[in-house]
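Reproduced below: final31.cif, with mmCIF, C-alpha atoms and all ligand atoms.
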data_my_file
loop_
_atom_site.label_atom_id
_atom_site.label_comp_id
_atom_site.auth_asym_id
_atom_site.auth_seq_id
_atom_site.Cartn_x
_atom_site.Cartn_y
_atom_site.Cartn_z
CA MET A 103 66.96 13.71 -23.24
CA THR A 104 63.33 12.84 -24.08
CA HIS A 105 61.08 15.91 -24.05
CA VAL A 106 57.56 15.11 -22.80
CA MET A 107 54.68 17.58 -23.06
CA ILE A 108 51.86 17.19 -20.52
CA ILE A 109 48.49 18.71 -21.34
CA GLY A 110 46.74 19.70 -18.10
CA GLY A 111 48.30 20.92 -14.85
CA GLY A 112 45.99 19.32 -12.26
CA ILE A 113 47.17 16.71 -9.76
CA VAL A 114 47.45 14.01 -12.43
CA GLY A 115 49.51 16.23 -14.76
CA CYS A 116 51.79 17.50 -11.97
CA MET A 117 52.34 14.01 -10.53
CA THR A 118 53.14 12.67 -14.01
CA ALA A 119 55.61 15.55 -14.44
CA MET A 120 57.33 14.71 -11.13
CA GLU A 121 57.68 11.07 -12.08
CA LEU A 122 59.07 11.93 -15.52
CA VAL A 123 61.58 14.37 -14.02
CA ASN A 124 62.67 11.70 -11.54
CA ARG A 125 63.22 9.40 -14.52
CA GLY A 126 65.44 11.92 -16.31
CA CYS A 127 63.03 13.47 -18.82
CA ARG A 128 62.71 17.08 -19.87
CA VAL A 129 59.09 18.13 -19.15
CA THR A 130 56.74 20.90 -20.26
CA ILE A 131 53.25 21.30 -18.76
CA VAL A 132 50.68 23.16 -20.84
CA GLU A 133 47.80 24.53 -18.75
CA ARG A 134 45.02 26.78 -20.00
CA ASN A 135 44.72 28.46 -16.57
CA GLN A 136 47.34 28.74 -13.82
CA ILE A 137 48.84 25.69 -12.14
CA ALA A 138 47.96 25.31 -8.43
CA SER A 139 45.42 28.11 -8.49
CA GLN A 140 41.71 27.83 -7.87
CA THR A 141 41.03 28.31 -11.58
CA SER A 142 43.28 25.50 -12.75
CA GLY A 143 43.26 21.91 -11.65
CA GLU A 144 39.54 22.44 -11.98
CA SER A 145 39.02 19.33 -9.98
CA SER A 146 42.33 19.09 -8.14
CA TRP A 147 42.12 22.38 -6.25
CA ALA A 148 38.54 21.66 -5.17
CA GLY A 149 39.01 18.14 -3.83
CA GLY A 150 38.57 17.00 -0.25
CA GLY A 151 41.93 15.26 0.06
CA ILE A 152 40.86 11.94 1.57
CA ILE A 153 43.43 9.36 0.48
CA PHE A 154 40.98 6.48 0.44
CA PRO A 155 38.10 5.42 -1.81
CA LEU A 156 34.53 5.91 -0.55
CA LEU A 157 34.18 3.02 0.06
CA PRO A 158 36.82 0.57 -1.25
CA TRP A 159 34.73 -2.59 -0.83
CA GLN A 160 32.22 -1.13 -3.30
CA TYR A 161 34.86 -0.90 -6.04
CA SER A 162 36.66 -3.28 -8.38
CA GLU A 163 40.10 -4.71 -7.81
CA ALA A 164 41.41 -2.26 -10.44
CA VAL A 165 40.30 0.79 -8.41
CA ASN A 166 41.72 -0.78 -5.26
CA ASN A 167 45.04 -1.49 -7.00
CA LEU A 168 45.38 2.14 -8.06
CA THR A 169 44.46 3.60 -4.68
CA ARG A 170 46.18 1.11 -2.32
CA ASP A 171 49.56 2.83 -1.91
CA GLY A 172 48.33 6.44 -2.08
CA ALA A 173 48.58 7.21 1.63
CA ASN A 174 52.12 5.84 2.07
CA PHE A 175 53.23 7.72 -0.99
CA TYR A 176 51.80 11.07 0.19
CA ARG A 177 53.24 10.57 3.67
CA GLU A 178 56.73 10.47 2.17
CA LEU A 179 56.08 13.02 -0.57
CA SER A 180 54.74 15.66 1.79
CA GLN A 181 57.85 15.30 4.01
CA ARG A 182 60.08 15.62 0.97
CA LEU A 183 58.13 18.60 -0.39
CA LEU A 184 58.31 20.37 2.97
CA LEU A 185 62.06 19.82 3.12
CA GLU A 186 62.74 20.83 -0.47
CA THR A 187 60.18 23.60 -1.04
CA GLY A 188 59.23 24.80 2.45
CA VAL A 189 55.52 24.30 1.62
CA ASP A 190 53.55 22.09 4.01
CA ALA A 191 50.91 19.97 2.22
CA HIS A 192 49.17 19.29 5.57
CA PHE A 193 49.34 15.50 5.36
CA ALA A 194 47.60 14.01 8.39
CA GLN A 195 46.67 10.56 9.59
CA SER A 196 43.40 11.77 11.03
CA GLY A 197 41.51 8.45 10.78
CA PHE A 198 38.09 7.77 9.31
CA LEU A 199 34.91 7.18 11.29
CA LEU A 200 32.30 5.32 9.24
CA LEU A 201 28.79 5.91 10.56
CA PRO A 202 25.86 3.55 9.87
CA ALA A 203 24.23 2.54 7.64
CA PHE A 204 26.88 0.55 5.77
CA ASP A 205 27.51 -3.06 4.85
CA LYS A 206 29.33 -4.13 7.97
CA HIS A 207 30.22 -7.59 6.72
CA ALA A 208 31.74 -6.26 3.48
CA ALA A 209 33.58 -3.49 5.36
CA VAL A 210 35.10 -5.73 8.02
CA SER A 211 36.15 -8.47 5.60
CA TRP A 212 37.73 -5.92 3.21
CA CYS A 213 39.68 -4.38 6.09
CA GLU A 214 40.86 -7.82 7.26
CA LYS A 215 41.89 -8.87 3.76
CA ASN A 216 43.75 -5.61 3.13
CA GLN A 217 45.27 -5.35 6.61
CA VAL A 218 43.60 -2.02 7.30
CA PRO A 219 43.02 -1.76 11.08
CA ALA A 220 39.31 -1.38 11.89
CA GLN A 221 37.47 -1.29 15.18
CA THR A 222 33.77 -1.41 15.98
CA VAL A 223 32.93 1.65 18.13
CA LYS A 224 30.10 3.83 19.40
CA ALA A 225 29.84 7.12 17.51
CA SER A 226 29.21 8.96 20.78
CA ALA A 227 32.78 8.15 21.85
CA PHE A 228 33.89 10.48 19.02
CA LYS A 229 31.45 13.26 19.96
CA VAL A 230 29.39 12.88 16.78
CA GLN A 231 25.72 12.05 16.34
CA SER A 232 24.71 8.73 14.86
CA LEU A 233 21.18 8.50 13.51
CA SER A 234 20.82 4.87 14.60
CA GLY A 235 21.96 2.94 17.65
CA GLU A 236 24.10 0.71 15.45
CA ASP A 237 27.86 0.59 15.85
CA ALA A 238 30.22 2.70 13.77
CA LEU A 239 33.55 1.53 12.31
CA TRP A 240 36.78 3.34 13.17
CA LEU A 241 39.65 3.16 10.68
CA PRO A 242 42.52 4.94 12.49
CA THR A 243 45.12 4.74 9.71
CA ILE A 244 43.24 6.59 6.96
CA CYS A 245 44.97 9.81 5.90
CA GLN A 246 44.27 13.13 4.24
CA VAL A 247 46.25 15.84 2.51
CA ARG A 248 45.21 19.42 1.68
CA PRO A 249 44.90 19.63 -2.13
CA PRO A 250 45.57 23.39 -2.63
CA TYR A 251 48.69 23.22 -0.45
CA LEU A 252 49.85 19.99 -2.09
CA MET A 253 49.47 21.59 -5.52
CA GLN A 254 51.43 24.67 -4.41
CA ALA A 255 54.24 22.51 -3.05
CA MET A 256 54.35 20.41 -6.22
CA ARG A 257 54.38 23.51 -8.39
CA LYS A 258 57.37 24.86 -6.49
CA TRP A 259 59.18 21.52 -6.75
CA LEU A 260 58.52 21.39 -10.51
CA GLU A 261 59.89 24.93 -10.89
CA GLN A 262 62.99 23.95 -8.92
CA HIS A 263 63.47 21.01 -11.30
CA ASN A 264 63.27 23.17 -14.44
CA VAL A 265 59.89 21.99 -15.64
CA THR A 266 58.59 24.49 -18.19
CA MET A 267 55.08 25.67 -17.37
CA LEU A 268 53.17 27.18 -20.25
CA GLU A 269 50.23 28.69 -18.41
CA HIS A 270 47.21 30.47 -19.87
CA THR A 271 47.88 28.31 -22.92
CA GLN A 272 45.04 26.19 -24.25
CA LEU A 273 45.60 23.40 -26.74
CA ALA A 274 43.07 22.94 -29.53
CA PRO A 275 41.29 19.61 -30.15
CA LEU A 276 43.62 17.21 -31.92
CA GLN A 277 43.08 15.80 -35.41
CA GLU A 278 43.89 12.16 -36.19
CA THR A 279 47.48 11.56 -37.27
CA GLN A 280 50.02 8.73 -37.05
CA GLN A 281 52.76 10.62 -35.27
CA LEU A 282 52.43 13.87 -33.35
CA ASN A 283 55.25 16.35 -33.97
CA GLU A 284 53.51 19.48 -32.77
CA TRP A 285 50.20 20.37 -31.14
CA GLN A 286 48.50 23.65 -31.93
CA THR A 287 47.14 26.04 -29.32
CA VAL A 288 43.78 27.76 -29.75
CA ASN A 289 45.79 30.86 -30.77
CA GLY A 290 47.55 28.99 -33.57
CA GLU A 291 50.95 28.58 -31.88
CA LYS A 292 52.57 25.19 -32.53
CA LEU A 293 54.17 23.39 -29.58
CA SER A 294 56.55 20.52 -30.21
CA ALA A 295 57.89 17.64 -28.10
CA ASP A 296 58.98 14.00 -28.47
CA GLN A 297 56.10 12.52 -26.50
CA PHE A 298 52.74 13.92 -25.34
CA VAL A 299 50.47 13.00 -22.42
CA VAL A 300 46.84 14.05 -22.03
CA THR A 301 46.04 14.74 -18.37
CA SER A 302 43.22 17.18 -19.09
CA GLY A 303 40.64 15.80 -16.66
CA ALA A 304 37.01 16.38 -17.62
CA TRP A 305 38.12 18.14 -20.86
CA SER A 306 39.99 15.11 -22.22
CA PHE A 307 37.05 13.81 -24.27
CA ASP A 308 36.71 17.06 -26.23
CA LEU A 309 40.43 17.30 -26.81
CA LEU A 310 40.59 13.86 -28.43
CA LYS A 311 37.14 13.29 -29.90
CA GLU A 312 38.34 13.83 -33.51
CA THR A 313 40.86 11.01 -33.04
CA SER A 314 40.33 7.27 -32.68
CA ALA A 315 40.41 7.48 -28.84
CA LYS A 316 36.79 7.55 -27.79
CA LEU A 317 37.11 8.38 -24.11
CA ASN A 318 34.14 7.78 -21.87
CA ILE A 319 34.71 10.87 -19.69
CA LYS A 320 32.30 13.61 -18.66
CA PRO A 321 32.32 16.33 -15.99
CA MET A 322 30.71 15.45 -12.66
CA ARG A 323 30.33 18.44 -10.38
CA GLY A 324 31.03 18.25 -6.66
CA GLN A 325 30.16 21.03 -4.18
CA ILE A 326 31.78 21.48 -0.75
CA LEU A 327 31.19 23.76 2.26
CA LEU A 328 33.82 25.16 4.61
CA TYR A 329 33.28 25.83 8.33
CA GLN A 330 35.54 26.97 11.15
CA PRO A 331 33.86 25.42 14.21
CA LYS A 332 34.73 26.39 17.76
CA HIS A 333 35.45 22.74 18.60
CA ASN A 334 36.52 20.84 15.53
CA LEU A 335 36.27 17.12 14.83
CA GLU A 336 39.47 15.18 15.36
CA GLN A 337 38.79 12.62 12.64
CA MET A 338 37.18 12.40 9.22
CA VAL A 339 33.56 11.24 9.38
CA TYR A 340 31.54 9.55 6.63
CA ARG A 341 27.86 8.73 6.44
CA GLU A 342 26.06 7.46 3.36
CA GLY A 343 27.87 9.42 0.67
CA PHE A 344 28.53 12.50 2.85
CA TYR A 345 31.82 13.30 4.56
CA MET A 346 33.38 15.83 6.92
CA ILE A 347 37.12 16.52 6.94
CA PRO A 348 38.76 18.47 9.80
CA ARG A 349 41.86 20.42 8.73
CA LEU A 350 44.96 20.86 10.86
CA ASP A 351 44.34 24.62 11.20
CA GLY A 352 40.79 24.33 12.55
CA TYR A 353 38.74 24.43 9.35
CA LEU A 354 36.16 21.76 8.53
CA LEU A 355 35.01 20.63 5.08
CA ALA A 356 31.55 19.18 4.48
CA GLY A 357 30.77 17.55 1.14
CA SER A 358 30.17 16.64 -1.45
CA THR A 359 27.74 16.16 -4.33
CA LEU A 360 27.86 14.15 -7.54
CA GLU A 361 26.04 16.25 -10.14
CA ASP A 362 25.75 15.56 -13.85
CA VAL A 363 25.36 19.21 -15.01
CA GLY A 364 27.92 19.47 -17.82
CA PHE A 365 30.69 22.08 -17.58
CA ASP A 366 28.74 24.28 -15.14
CA ASN A 367 31.03 24.84 -12.15
CA GLY A 368 28.62 27.08 -10.27
CA ILE A 369 27.31 26.58 -6.73
CA THR A 370 23.66 26.35 -5.71
CA GLU A 371 21.57 27.34 -2.69
CA ALA A 372 19.80 23.96 -2.79
CA VAL A 373 23.05 22.03 -2.37
CA ARG A 374 24.25 24.45 0.29
CA ASP A 375 21.12 23.64 2.31
CA GLU A 376 21.39 19.91 1.65
CA LEU A 377 25.04 19.77 2.80
CA ARG A 378 24.39 22.05 5.77
CA ILE A 379 21.55 19.80 7.02
CA LYS A 380 23.72 16.69 6.69
CA ALA A 381 26.61 18.38 8.50
CA GLU A 382 24.38 19.60 11.36
CA ALA A 383 22.89 16.10 11.76
CA ILE A 384 26.36 14.77 12.54
CA MET A 385 27.61 17.83 14.43
CA PRO A 386 24.65 19.79 15.89
CA GLU A 387 26.84 22.68 17.09
CA LEU A 388 27.33 23.70 13.44
CA LYS A 389 23.78 25.12 13.56
CA ASN A 390 25.19 28.32 15.01
CA GLN A 391 28.26 28.49 12.82
CA PRO A 392 28.57 30.46 9.58
CA ILE A 393 29.51 28.77 6.32
CA ILE A 394 32.80 30.45 5.46
CA LYS A 395 33.13 29.31 1.87
CA HIS A 396 31.25 27.22 -0.68
CA TRP A 397 32.86 25.98 -3.91
CA SER A 398 32.64 23.34 -6.58
CA GLY A 399 34.91 21.34 -8.87
CA LEU A 400 34.39 19.31 -12.03
CA ARG A 401 35.61 15.76 -11.66
CA PRO A 402 36.57 13.75 -14.73
CA GLY A 403 33.71 11.24 -14.41
CA THR A 404 34.11 7.72 -15.80
CA PRO A 405 32.12 4.49 -15.56
CA GLU A 406 33.08 2.49 -12.45
CA ASN A 407 35.67 5.14 -11.60
CA LEU A 408 38.20 3.62 -14.00
CA PRO A 409 40.74 6.01 -15.54
CA THR A 410 42.36 5.51 -18.91
CA ILE A 411 46.11 4.96 -18.55
CA SER A 412 47.40 3.85 -21.89
CA ALA A 413 49.02 4.66 -25.20
CA HIS A 414 46.69 6.33 -27.67
CA PRO A 415 45.25 3.58 -29.90
CA THR A 416 46.70 5.01 -33.15
CA ILE A 417 48.89 8.09 -32.51
CA LYS A 418 52.31 6.63 -31.81
CA ASN A 419 53.79 9.15 -29.39
CA LEU A 420 50.62 10.17 -27.51
CA PHE A 421 49.66 8.77 -24.09
CA LEU A 422 46.58 9.11 -21.92
CA ASN A 423 46.38 9.48 -18.16
CA THR A 424 42.91 10.73 -17.46
CA GLY A 425 39.44 10.00 -16.08
CA HIS A 426 40.29 9.44 -12.41
CA PHE A 427 36.82 10.64 -11.34
CA ARG A 428 36.39 10.59 -7.55
CA TYR A 429 39.90 9.42 -6.57
CA GLY A 430 42.36 11.30 -8.75
CA LEU A 431 44.35 12.48 -5.78
CA THR A 432 44.57 8.98 -4.31
CA MET A 433 45.30 7.34 -7.67
CA ALA A 434 47.72 9.94 -9.09
CA PRO A 435 50.97 8.35 -7.77
CA ALA A 436 50.30 4.84 -9.13
CA SER A 437 48.83 6.24 -12.30
CA ALA A 438 51.86 8.49 -12.93
CA LYS A 439 54.21 5.51 -12.52
CA LEU A 440 52.19 3.43 -14.98
CA VAL A 441 52.02 6.06 -17.70
CA THR A 442 55.72 6.89 -17.27
CA ALA A 443 56.64 3.23 -17.81
CA LEU A 444 54.55 3.25 -21.00
CA ILE A 445 56.16 6.49 -22.24
CA LEU A 446 59.67 5.21 -21.57
CA GLY A 447 58.82 1.99 -23.40
CA GLU A 448 59.72 -0.15 -20.42
CA GLU A 449 58.63 -3.71 -19.96
CA PRO A 450 55.81 -2.88 -17.54
CA ARG A 451 56.32 -4.47 -14.17
CA ILE A 452 52.60 -4.19 -13.72
CA ASP A 453 49.95 -4.97 -16.26
CA ALA A 454 48.32 -1.63 -17.12
CA THR A 455 45.18 -3.37 -18.34
CA ALA A 456 44.64 -4.73 -14.85
CA TYR A 457 44.48 -1.21 -13.50
CA ALA A 458 42.55 0.90 -15.92
CA TYR A 459 40.31 1.15 -18.88
CA VAL A 460 42.31 0.76 -22.09
CA CYS A 461 40.85 2.50 -25.10
C1 LIG A 501 34.40 18.18 -4.54
C2 LIG A 501 35.48 17.17 -4.87
C3 LIG A 501 36.00 16.37 -3.87
C4 LIG A 501 37.00 15.45 -4.16
N1 LIG A 501 37.57 14.72 -3.14
C5 LIG A 501 38.56 13.84 -3.42
C6 LIG A 501 39.18 13.12 -2.36
O1 LIG A 501 38.85 13.32 -1.18
N2 LIG A 501 40.15 12.21 -2.67
C7 LIG A 501 40.54 11.98 -3.97
O2 LIG A 501 41.41 11.13 -4.21
N3 LIG A 501 39.99 12.67 -4.99
C8 LIG A 501 39.00 13.58 -4.74
N4 LIG A 501 38.39 14.27 -5.76
C9 LIG A 501 38.72 13.90 -7.13
C10 LIG A 501 40.00 14.50 -7.61
O3 LIG A 501 40.05 15.86 -7.20
C11 LIG A 501 40.08 14.37 -9.14
O4 LIG A 501 39.98 13.01 -9.52
C12 LIG A 501 41.40 14.92 -9.64
O5 LIG A 501 41.54 16.25 -9.23
C13 LIG A 501 41.49 14.86 -11.15
O6 LIG A 501 42.71 15.47 -11.49
P1 LIG A 501 43.09 15.82 -12.97
O7 LIG A 501 44.46 16.37 -12.92
O8 LIG A 501 42.82 14.64 -13.85
O9 LIG A 501 42.01 16.90 -13.42
P2 LIG A 501 41.95 18.52 -13.17
O10 LIG A 501 42.36 18.83 -11.78
O11 LIG A 501 40.63 18.94 -13.62
O12 LIG A 501 43.08 19.02 -14.14
C14 LIG A 501 42.94 19.03 -15.54
C15 LIG A 501 43.59 20.31 -16.04
O13 LIG A 501 43.62 20.29 -17.46
C16 LIG A 501 43.48 21.63 -17.91
N5 LIG A 501 43.05 21.60 -19.29
C17 LIG A 501 41.90 21.11 -19.78
N6 LIG A 501 41.84 21.25 -21.12
C18 LIG A 501 43.00 21.85 -21.48
C19 LIG A 501 43.52 22.27 -22.76
N7 LIG A 501 42.83 22.12 -23.89
N8 LIG A 501 44.75 22.88 -22.78
C20 LIG A 501 45.45 23.07 -21.62
N9 LIG A 501 44.99 22.69 -20.41
C21 LIG A 501 43.78 22.08 -20.34
C22 LIG A 501 42.43 22.21 -16.96
O14 LIG A 501 42.46 23.61 -16.91
C23 LIG A 501 42.83 21.56 -15.64
O15 LIG A 501 43.67 22.40 -14.89
C24 LIG A 501 37.44 15.26 -5.49
C25 LIG A 501 36.93 16.09 -6.50
C26 LIG A 501 35.97 17.05 -6.20
C27 LIG A 501 35.47 17.94 -7.28
#
Would you write out, as structure tokens, the structure that this file holds?
Amino acid sequence: MTHVMIIGGGIVGCMTAMELVNRGCRVTIVERNQIASQTSGESSWAGGGIIFPLLPWQYSEAVNNLTRDGANFYRELSQRLLLETGVDAHFAQSGFLLLPAFDKHAAVSWCEKNQVPAQTVKASAFKVQSLSGEDALWLPTICQVRPPYLMQAMRKWLEQHNVTMLEHTQLAPLQETQQLNEWQTVNGEKLSADQFVVTSGAWSFDLLKETSAKLNIKPMRGQILLYQPKHNLEQMVYREGFYMIPRLDGYLLAGSTLEDVGFDNGITEAVRDELRIKAEAIMPELKNQPIIKHWSGLRPGTPENLPTISAHPTIKNLFLNTGHFRYGLTMAPASAKLVTALILGEEPRIDATAYAYVC
């Protein structure tokens, strides 16, 4: 049985582990923090959970290919996880209300081409404020999932399927070699496997920079606010880079930012004010509501939002599945399938180069 070691226990690492288990592999995940906790999945725990790019018509075909089947996949996965683990990932088809200004022509023709139902509507019909009198666009089939709950459910499933989780274990940057037999931790312990996969998010560049893989990945911070309004929205709302996501249990997320501040995962008063003002402009009743929580996550930022899903250019048994930037949750299922096919040496049914950056 092939033993695959996955470095990084965020959504991309856990999804890759699930896929490998389903394909009969023995899997170990190495995570420097704790899987499915706020401190690990530095980006995955923090994410909003919209299973849709913002906005797909602004992205390349490659990004669209990787994100297209995300919602259908999570619909089925969350049912299966609930059945098998008892943990509800809070999948919901809550729909997506796109407020002006946006490129209406591009939006409508993308929706037509991709058979995504879309309807021109007045924002007032959804009890939200629109800054202009222009029409909004209602996409009723867009879905969300709750990342912390999804991660908890996946963790439980992985435990049930005998995946070894080496937590609080940090791997040291790798040196160039032809074949990888063991990878050393920062404490000098040597971990061995048949195949290795880097799913280390924003930290992937540092981990591999001494090797021939020159990844173009850097941390991009995103901050989010949490409310618990008296009367919540019923749908997700998006306006010019800002979104609000109502949760099934009455909470409401408002986010997020795209900040190039290195590995600083702090939160700032300035962003809190900026997000609060944007949220209140859409939903004036939030003016009297407290902000319950404020957090940030470090996305693995890449040019044009293209992840690297490929074999390492020179190290024979090392694979890369990293750099999913703003849509790692949405892309994780397709991305996990692609990298698994590469690891198992299968004739790929899909051309990986058409989906991702190949280093
Ligand atoms: C505010 C915010 C909102 C978002 N909203 C959405 C959304 O609505 N929809 C969507 O699709 N995506 C969203 N995203 C993006 C998505 O969350 C990320 O693309 C995704 O989480 C990336 O997952 P990952 O597993 O690659 O990285 P991470 O979750 O960062 O996981 C990488 C893991 O690797 C571990 N690691 C790193 N180095 C080492 C090492 N040397 N040894 C061992 N372990 C190591 C880290 O501790 C970490 O746990 C959002 C992100 C943020 C921050």
Using only C-alpha atoms and all ligand atoms, which residues of chain A come within 6 Å of ligand LIG 501 (chain A), and what is the closest atom pair for each, with the distance in Å to one decimal? Give it as a tab-separated table, sorted by chain and residue number.
residue	atom	partner	partner_atom	distance
A:Ile109	CA	A:LIG501	C20	5.3
A:Gly110	CA	A:LIG501	O13	3.2
A:Gly111	CA	A:LIG501	O15	4.9
A:Gly112	CA	A:LIG501	O7	3.4
A:Ile113	CA	A:LIG501	O7	4.2
A:Val114	CA	A:LIG501	O7	3.8
A:Gly115	CA	A:LIG501	O7	5.4
A:Val132	CA	A:LIG501	C20	5.3
A:Glu133	CA	A:LIG501	N9	3.7
A:Arg134	CA	A:LIG501	C20	4.1
A:Asn135	CA	A:LIG501	O14	5.4
A:Ser142	CA	A:LIG501	O15	3.8
A:Gly143	CA	A:LIG501	O10	3.2
A:Glu144	CA	A:LIG501	O11	4.0
A:Ser145	CA	A:LIG501	O10	3.8
A:Ser146	CA	A:LIG501	O5	3.1
A:Ala148	CA	A:LIG501	C27	5.3
A:Gly149	CA	A:LIG501	C4	3.4
A:Gly150	CA	A:LIG501	O1	3.8
A:Gly151	CA	A:LIG501	O1	3.8
A:Ile152	CA	A:LIG501	O1	3.7
A:Ile153	CA	A:LIG501	N2	5.4
A:Thr271	CA	A:LIG501	C20	5.9
A:Gln272	CA	A:LIG501	N8	3.6
A:Leu273	CA	A:LIG501	N8	4.1
A:Ala274	CA	A:LIG501	N7	5.7
A:Thr301	CA	A:LIG501	O8	5.6
A:Ser302	CA	A:LIG501	O13	3.5
A:Gly303	CA	A:LIG501	O9	3.7
A:Ala304	CA	A:LIG501	O11	6.0
A:Trp305	CA	A:LIG501	N6	4.9
A:Gly324	CA	A:LIG501	C1	4.0
A:Gln325	CA	A:LIG501	C1	5.1
A:Ile326	CA	A:LIG501	C1	5.7
A:Ser358	CA	A:LIG501	C1	5.5
A:Ser398	CA	A:LIG501	C1	5.8
A:Gly399	CA	A:LIG501	C27	3.8
A:Leu400	CA	A:LIG501	C27	5.1
A:Arg401	CA	A:LIG501	C27	4.9
A:Thr424	CA	A:LIG501	O8	5.3
A:His426	CA	A:LIG501	O4	4.6
A:Phe427	CA	A:LIG501	O4	4.3
A:Arg428	CA	A:LIG501	C9	4.1
A:Tyr429	CA	A:LIG501	O2	3.3
A:Gly430	CA	A:LIG501	O4	3.0
A:Leu431	CA	A:LIG501	O2	3.6
A:Thr432	CA	A:LIG501	O2	3.8
Written selection (C-alpha atoms) as a PDB file, in the coordinates of the input:
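Writing done, so here's again-v1.pdb:
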ATOM      1  CA  ILE A 109      48.490  18.710 -21.340  1.00  0.00           C
ATOM      2  CA  GLY A 110      46.740  19.700 -18.100  1.00  0.00           C
ATOM      3  CA  GLY A 111      48.300  20.920 -14.850  1.00  0.00           C
ATOM      4  CA  GLY A 112      45.990  19.320 -12.260  1.00  0.00           C
ATOM      5  CA  ILE A 113      47.170  16.710  -9.760  1.00  0.00           C
ATOM      6  CA  VAL A 114      47.450  14.010 -12.430  1.00  0.00           C
ATOM      7  CA  GLY A 115      49.510  16.230 -14.760  1.00  0.00           C
ATOM      8  CA  VAL A 132      50.680  23.160 -20.840  1.00  0.00           C
ATOM      9  CA  GLU A 133      47.800  24.530 -18.750  1.00  0.00           C
ATOM     10  CA  ARG A 134      45.020  26.780 -20.000  1.00  0.00           C
ATOM     11  CA  ASN A 135      44.720  28.460 -16.570  1.00  0.00           C
ATOM     12  CA  SER A 142      43.280  25.500 -12.750  1.00  0.00           C
ATOM     13  CA  GLY A 143      43.260  21.910 -11.650  1.00  0.00           C
ATOM     14  CA  GLU A 144      39.540  22.440 -11.980  1.00  0.00           C
ATOM     15  CA  SER A 145      39.020  19.330  -9.980  1.00  0.00           C
ATOM     16  CA  SER A 146      42.330  19.090  -8.140  1.00  0.00           C
ATOM     17  CA  ALA A 148      38.540  21.660  -5.170  1.00  0.00           C
ATOM     18  CA  GLY A 149      39.010  18.140  -3.830  1.00  0.00           C
ATOM     19  CA  GLY A 150      38.570  17.000  -0.250  1.00  0.00           C
ATOM     20  CA  GLY A 151      41.930  15.260   0.060  1.00  0.00           C
ATOM     21  CA  ILE A 152      40.860  11.940   1.570  1.00  0.00           C
ATOM     22  CA  ILE A 153      43.430   9.360   0.480  1.00  0.00           C
ATOM     23  CA  THR A 271      47.880  28.310 -22.920  1.00  0.00           C
ATOM     24  CA  GLN A 272      45.040  26.190 -24.250  1.00  0.00           C
ATOM     25  CA  LEU A 273      45.600  23.400 -26.740  1.00  0.00           C
ATOM     26  CA  ALA A 274      43.070  22.940 -29.530  1.00  0.00           C
ATOM     27  CA  THR A 301      46.040  14.740 -18.370  1.00  0.00           C
ATOM     28  CA  SER A 302      43.220  17.180 -19.090  1.00  0.00           C
ATOM     29  CA  GLY A 303      40.640  15.800 -16.660  1.00  0.00           C
ATOM     30  CA  ALA A 304      37.010  16.380 -17.620  1.00  0.00           C
ATOM     31  CA  TRP A 305      38.120  18.140 -20.860  1.00  0.00           C
ATOM     32  CA  GLY A 324      31.030  18.250  -6.660  1.00  0.00           C
ATOM     33  CA  GLN A 325      30.160  21.030  -4.180  1.00  0.00           C
ATOM     34  CA  ILE A 326      31.780  21.480  -0.750  1.00  0.00           C
ATOM     35  CA  SER A 358      30.170  16.640  -1.450  1.00  0.00           C
ATOM     36  CA  SER A 398      32.640  23.340  -6.580  1.00  0.00           C
ATOM     37  CA  GLY A 399      34.910  21.340  -8.870  1.00  0.00           C
ATOM     38  CA  LEU A 400      34.390  19.310 -12.030  1.00  0.00           C
ATOM     39  CA  ARG A 401      35.610  15.760 -11.660  1.00  0.00           C
ATOM     40  CA  THR A 424      42.910  10.730 -17.460  1.00  0.00           C
ATOM     41  CA  HIS A 426      40.290   9.440 -12.410  1.00  0.00           C
ATOM     42  CA  PHE A 427      36.820  10.640 -11.340  1.00  0.00           C
ATOM     43  CA  ARG A 428      36.390  10.590  -7.550  1.00  0.00           C
ATOM     44  CA  TYR A 429      39.900   9.420  -6.570  1.00  0.00           C
ATOM     45  CA  GLY A 430      42.360  11.300  -8.750  1.00  0.00           C
ATOM     46  CA  LEU A 431      44.350  12.480  -5.780  1.00  0.00           C
ATOM     47  CA  THR A 432      44.570   8.980  -4.310  1.00  0.00           C
TER      48      THR A 432
END
Exercise. Near His414 in chain A, counting all atoms listed in the file, which residues have an atom at most 8 Å away, once you skip same-chain residues fewer than 6 positions from it, shown as an MDAnalysis selection string?
Worked result: chainID A and resid 315 420:422 461
For this session: Just the residues within 12 Å of Pro202 in chain A, please, counting all atoms listed in the file, with nothing from its chain fewer than 4 positions along; format it as a list of chain:residue names.
Result: A:Lys206, A:Ala209, A:Thr222, A:Val223, A:Lys224, A:Ala225, A:Gln231, A:Ser232, A:Leu233, A:Ser234, A:Gly235, A:Glu236, A:Asp237, A:Ala238, A:Leu239, A:Trp240, A:Val339, A:Tyr340, A:Arg341, A:Glu342, A:Gly343, A:Phe344, A:Ile384
Seminar exercise, completed: Min atom-atom distance to Ser306 in chain A from the set A:Met433, A:Pro275, A:Glu214, A:Leu252, counting all atoms listed in the file, belongs to A:Pro275
Exercise. Which value, in Å to one decimal, gives the distance between CA of Trp147 in chain A and CA of Arg177 in chain A?
Worked result: 19.0 Å
For this session: Give the answer as one residue: which of A:Tyr345, A:Trp285, A:Phe193, A:Tyr329 has the shortest atom-to-atom distance to Pro155 in chain A, using all atoms listed in the file?
Result: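 Of A:Tyr345, A:Trp285, A:Phe193, A:Tyr329, the one nearest Pro155 in chain A, counting all atoms listed in the file, is A:Tyr345.
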Exercise. What gap, in Å, lies between CA of Gln217 in chain A and CA of Gln246 in chain A?
Worked result: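 According to the coordinates, CA of Gln217 in chain A and CA of Gln246 in chain A are separated by 18.7 Å.
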